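Engineer: Can you read through this structure? Questions will come right after.
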Amino acid sequence: MRALSLLTATGTAGLLLMGCQGGLQPLPGLNQQLIRLGESQSPSLASDWLALIATRPGGRAQVQLIDRRRNAPVPLLGLNRPDSLPISVAVDHRGEHLAVVRQRDDRSELVLYRRSIQATQLVPIEPAGVPSRVTINADGRVLAVEVSRSGLWQVDLLELP
Amino acid sequence: MVLHHATTAHASTTKHLLPLACVLGLALSSCALMPLRRQPAAPTGLGAESRQQPALSGDGRLLASLVERAGRTTVLLQERQSGRVLPLRHLRNRQPHSSPSLSWNGRYLAVVVQQGGRRQAVIEDRATGQQHPLFLPAGQEPQQLSLAPDGQSIALELIQSGSQRLQLFSLSAMLEPDRPPGLRESGGGPSAQP
């Protein structure tokens, strides 16, 4: 009898808990892929794409772009360099533009990568400052960059034509 | 005063940068890359204060960032072009805020807040005024998040066994989509009173 009461109580608690968490459902296929990539951070999510910084055990941090329709990474030729360390990444809605803040030669720089032509463009910070975090809007036309300048954190907004 | 100075300084800088941008544009055209146009971040109304962790709505119309209010790190939502501040209903007294993220039209704002002794991810629906706390298993706390522009999924950066891991979750049972204009099923939320 006591066991039955306990079972009922557990079931009720479970249902209540499900009610609390009801809207949040893990995406197992993609999460398995993320586990395979090692430590991961700095997510930037689009409907069909996920950009992140991943570090495999014993490896270097690298920018990764995952195609959510296939749950698989796509190549980013020329973006990840052995002499640089990514700090922040952002991807647009089409997975075409990736904005990356990376550390290179003891300084931080902002670059814009266009995947279709595999080209990286250095984006100058003016007035001079140290970029640390970047975000991009869905159509890839506006960048917002967190910049440390003269002891103050600021946000620079850049528009692409 | 500070705001006026900042705006003037930017206008002057832009004027001088235009020829440079053209030269830069020509130089880059050979590799099919493009010049950039700079715009100062919208004023926060308190002069040259610190501003961190920017997030843009998918359409680029809204900017969320973190500012200090009475010594507490607080998310501020603004129209990018005008700087007009838009109201948020559920985030007061839950500072420090961190890692804001916006949906396509800015209907949804996801952010990490302080809930008692824990960090918690919440989503504010600006169209309905509802708040959606995201409950995670015990021992897991979000560090960073990114909301998909359509509001149908979210990536959470969690600390698990001492290492940083991303996990993705579907929100389709919780939120209706916030799609681009033309496909819109939802509004962009209320405007602030001046």
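Chain labels run A, B, ... following the order of the structure tokens; each chain numbers its residues from 1, and ligands are numbered from 1 in the order shown.
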Quick one: which segment 102-140 of chain A residues come within 12 Å of segment 134-157 of chain B, and what is the nearest atom pair for each with the distance in Å to one decimal, counting only C-alpha atoms, rows ordered by chain and ascending number, as JSON lines?
Structural biologist:
```
{"residue": "A:Thr135", "atom": "CA", "partner": "B:Ser146", "partner_atom": "CA", "distance": 10.3}
{"residue": "A:Ile136", "atom": "CA", "partner": "B:Pro149", "partner_atom": "CA", "distance": 11.3}
{"residue": "A:Asn137", "atom": "CA", "partner": "B:Pro149", "partner_atom": "CA", "distance": 9.0}
{"residue": "A:Ala138", "atom": "CA", "partner": "B:Pro149", "partner_atom": "CA", "distance": 7.1}
{"residue": "A:Asp139", "atom": "CA", "partner": "B:Pro149", "partner_atom": "CA", "distance": 10.5}
```
Engineer: Could the residues in this selection be written to a file with C-alpha atoms, as a tab-separated table (two decimals), in the first residue's frame?
Structural biologist:
```
chain	number	residue	atom	x	y	z
A	135	THR	CA	27.43	39.18	-33.14
A	136	ILE	CA	25.88	39.39	-36.60
A	137	ASN	CA	22.28	39.85	-37.66
A	138	ALA	CA	20.42	37.19	-39.62
A	139	ASP	CA	20.96	38.60	-43.11
```
Engineer: Show me, as a ChimeraX atom specification, every residue of chain B with an atom at most 7 Å from chain A, counting only C-alpha atoms.
Structural biologist: /B:33,35-41,50-60,134-135,145-150,155,157,163-171,173-174
Engineer: Keeping only N, CA and C atoms, take the residues you just selected and write them out as a compact mmCIF listing (two decimals), in the first residue's frame.
Structural biologist:
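Result file is selection_7.txt:
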```
# COMPACT_ATOMS: atom_id res chain seq x y z
N LEU B 33 35.61 41.13 -51.66
CA LEU B 33 35.17 41.47 -50.32
C LEU B 33 34.68 42.92 -50.33
N PRO B 35 33.66 46.86 -48.39
CA PRO B 35 33.94 47.81 -47.33
C PRO B 35 32.82 47.80 -46.30
N LEU B 36 33.09 48.39 -45.15
CA LEU B 36 32.11 48.41 -44.09
C LEU B 36 31.75 49.85 -43.75
N ARG B 37 30.51 50.06 -43.35
CA ARG B 37 30.12 51.39 -42.90
C ARG B 37 29.93 51.33 -41.38
N ARG B 38 30.49 52.31 -40.71
CA ARG B 38 30.45 52.29 -39.25
C ARG B 38 29.30 53.14 -38.72
N GLN B 39 28.69 52.64 -37.65
CA GLN B 39 27.62 53.38 -37.01
C GLN B 39 27.86 53.30 -35.51
N PRO B 40 27.77 54.44 -34.81
CA PRO B 40 27.97 54.34 -33.36
C PRO B 40 26.83 53.57 -32.72
N ALA B 41 27.12 52.89 -31.65
CA ALA B 41 26.05 52.21 -30.92
C ALA B 41 25.07 53.25 -30.42
N SER B 50 29.85 52.14 -19.79
CA SER B 50 30.31 50.87 -20.31
C SER B 50 29.14 50.08 -20.89
N ARG B 51 29.43 49.30 -21.92
CA ARG B 51 28.36 48.58 -22.64
C ARG B 51 28.97 47.28 -23.16
N GLN B 52 28.36 46.16 -22.86
CA GLN B 52 28.96 44.86 -23.21
C GLN B 52 27.95 43.91 -23.84
N GLN B 53 28.49 42.82 -24.37
CA GLN B 53 27.71 41.67 -24.86
C GLN B 53 26.55 42.08 -25.77
N PRO B 54 26.85 42.69 -26.91
CA PRO B 54 25.78 43.10 -27.82
C PRO B 54 25.08 41.90 -28.45
N ALA B 55 23.80 42.09 -28.75
CA ALA B 55 23.03 41.09 -29.51
C ALA B 55 22.08 41.84 -30.43
N LEU B 56 22.01 41.41 -31.68
CA LEU B 56 21.14 42.05 -32.66
C LEU B 56 19.93 41.16 -32.92
N SER B 57 18.79 41.80 -33.18
CA SER B 57 17.67 41.00 -33.66
C SER B 57 17.99 40.54 -35.08
N GLY B 58 17.33 39.50 -35.54
CA GLY B 58 17.62 38.95 -36.85
C GLY B 58 17.51 39.98 -37.96
N ASP B 59 16.53 40.89 -37.84
CA ASP B 59 16.36 41.92 -38.86
C ASP B 59 17.29 43.10 -38.65
N GLY B 60 18.07 43.08 -37.58
CA GLY B 60 19.03 44.15 -37.32
C GLY B 60 18.41 45.42 -36.76
N LEU B 134 13.71 28.55 -18.42
CA LEU B 134 14.19 27.27 -18.98
C LEU B 134 14.80 26.46 -17.85
N PHE B 135 14.10 25.41 -17.46
CA PHE B 135 14.54 24.60 -16.33
C PHE B 135 15.51 23.53 -16.80
N LEU B 145 24.21 31.74 -24.01
CA LEU B 145 23.13 31.16 -24.81
C LEU B 145 23.04 31.85 -26.15
N SER B 146 22.40 31.17 -27.09
CA SER B 146 22.10 31.77 -28.39
C SER B 146 20.75 31.25 -28.84
N LEU B 147 19.85 32.18 -29.09
CA LEU B 147 18.49 31.83 -29.52
C LEU B 147 18.45 31.85 -31.05
N ALA B 148 17.89 30.81 -31.66
CA ALA B 148 17.74 30.82 -33.13
C ALA B 148 16.80 31.96 -33.52
N PRO B 149 17.05 32.61 -34.65
CA PRO B 149 16.22 33.76 -35.03
C PRO B 149 14.72 33.45 -35.07
N ASP B 150 14.35 32.23 -35.43
CA ASP B 150 12.92 31.91 -35.48
C ASP B 150 12.35 31.54 -34.10
N ALA B 155 20.67 27.32 -28.08
CA ALA B 155 21.92 26.66 -27.69
C ALA B 155 22.33 27.21 -26.33
N GLU B 157 25.32 27.10 -23.36
CA GLU B 157 26.66 26.68 -22.95
C GLU B 157 26.60 26.36 -21.46
N SER B 163 33.87 21.00 -17.48
CA SER B 163 34.19 21.43 -18.84
C SER B 163 32.99 22.11 -19.48
N GLN B 164 33.28 22.96 -20.47
CA GLN B 164 32.21 23.70 -21.14
C GLN B 164 31.64 22.86 -22.27
N ARG B 165 30.33 22.72 -22.27
CA ARG B 165 29.66 21.95 -23.32
C ARG B 165 28.45 22.73 -23.82
N LEU B 166 28.24 22.66 -25.11
CA LEU B 166 27.01 23.23 -25.67
C LEU B 166 25.96 22.14 -25.76
N GLN B 167 24.73 22.53 -25.49
CA GLN B 167 23.61 21.63 -25.72
C GLN B 167 22.51 22.40 -26.42
N LEU B 168 21.88 21.74 -27.38
CA LEU B 168 20.79 22.37 -28.11
C LEU B 168 19.45 21.81 -27.66
N PHE B 169 18.48 22.71 -27.62
CA PHE B 169 17.13 22.32 -27.20
C PHE B 169 16.12 22.90 -28.20
N SER B 170 15.08 22.13 -28.43
CA SER B 170 13.97 22.62 -29.24
C SER B 170 13.03 23.41 -28.33
N LEU B 171 12.53 24.52 -28.86
CA LEU B 171 11.56 25.33 -28.13
C LEU B 171 10.20 25.33 -28.82
N ALA B 173 7.70 23.48 -28.75
CA ALA B 173 6.51 23.23 -27.94
C ALA B 173 6.21 24.39 -27.00
N MET B 174 7.12 25.35 -26.94
CA MET B 174 6.99 26.45 -25.98
C MET B 174 6.67 27.79 -26.66
```
Engineer: Suppose you want the space between atom CA of Asp106 of chain A and atom CA of Pro86 of chain A; what is it in Å?
Structural biologist: 12.4 Å
Engineer: Taking the DSSP assignment computed from this structure's backbone, write out as a PyMOL selection string all residues of chain A that belong to helix (DSSP H, G or I).
Structural biologist: chain A and resi 2-21+28-36
Engineer: Would you list the contacts of Val113 of chain B as a PyMOL selection string, taking every protein, DNA or RNA residue within 7 Å and counting only C-alpha atoms, but skipping same-chain residues closer than 6 positions in sequence?
Structural biologist: chain B and resi 94-98+119-121
Engineer: Would you list the contacts of His132 of chain B as an NGL selection string, taking every protein, DNA or RNA residue within 7 Å and counting only C-alpha atoms, but skipping same-chain residues closer than 4 positions in sequence?
Structural biologist: :B and (122-124)
Engineer: Could you dump the residues just selected with C-alpha atoms as a PDB file, in the first residue's frame?
Structural biologist:
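What follows is the written file result.pdb:
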```pdb
ATOM      1  CA  VAL B 122      14.759  32.855 -19.361  1.00  0.00           C
ATOM      2  CA  ILE B 123      12.926  34.016 -22.463  1.00  0.00           C
ATOM      3  CA  GLU B 124      10.715  37.076 -22.428  1.00  0.00           C
TER       4      GLU B 124
END
```
Engineer: Could you give me, as a PyMOL selection string, each residue of segment 2-127 of chain A that DSSP assigns to strand (DSSP E or B) when run on this structure's backbone?
Structural biologist: chain A and resi 25-26+39-45+49-55+62-67+72-74+84-91+97-104+107-114+119-123
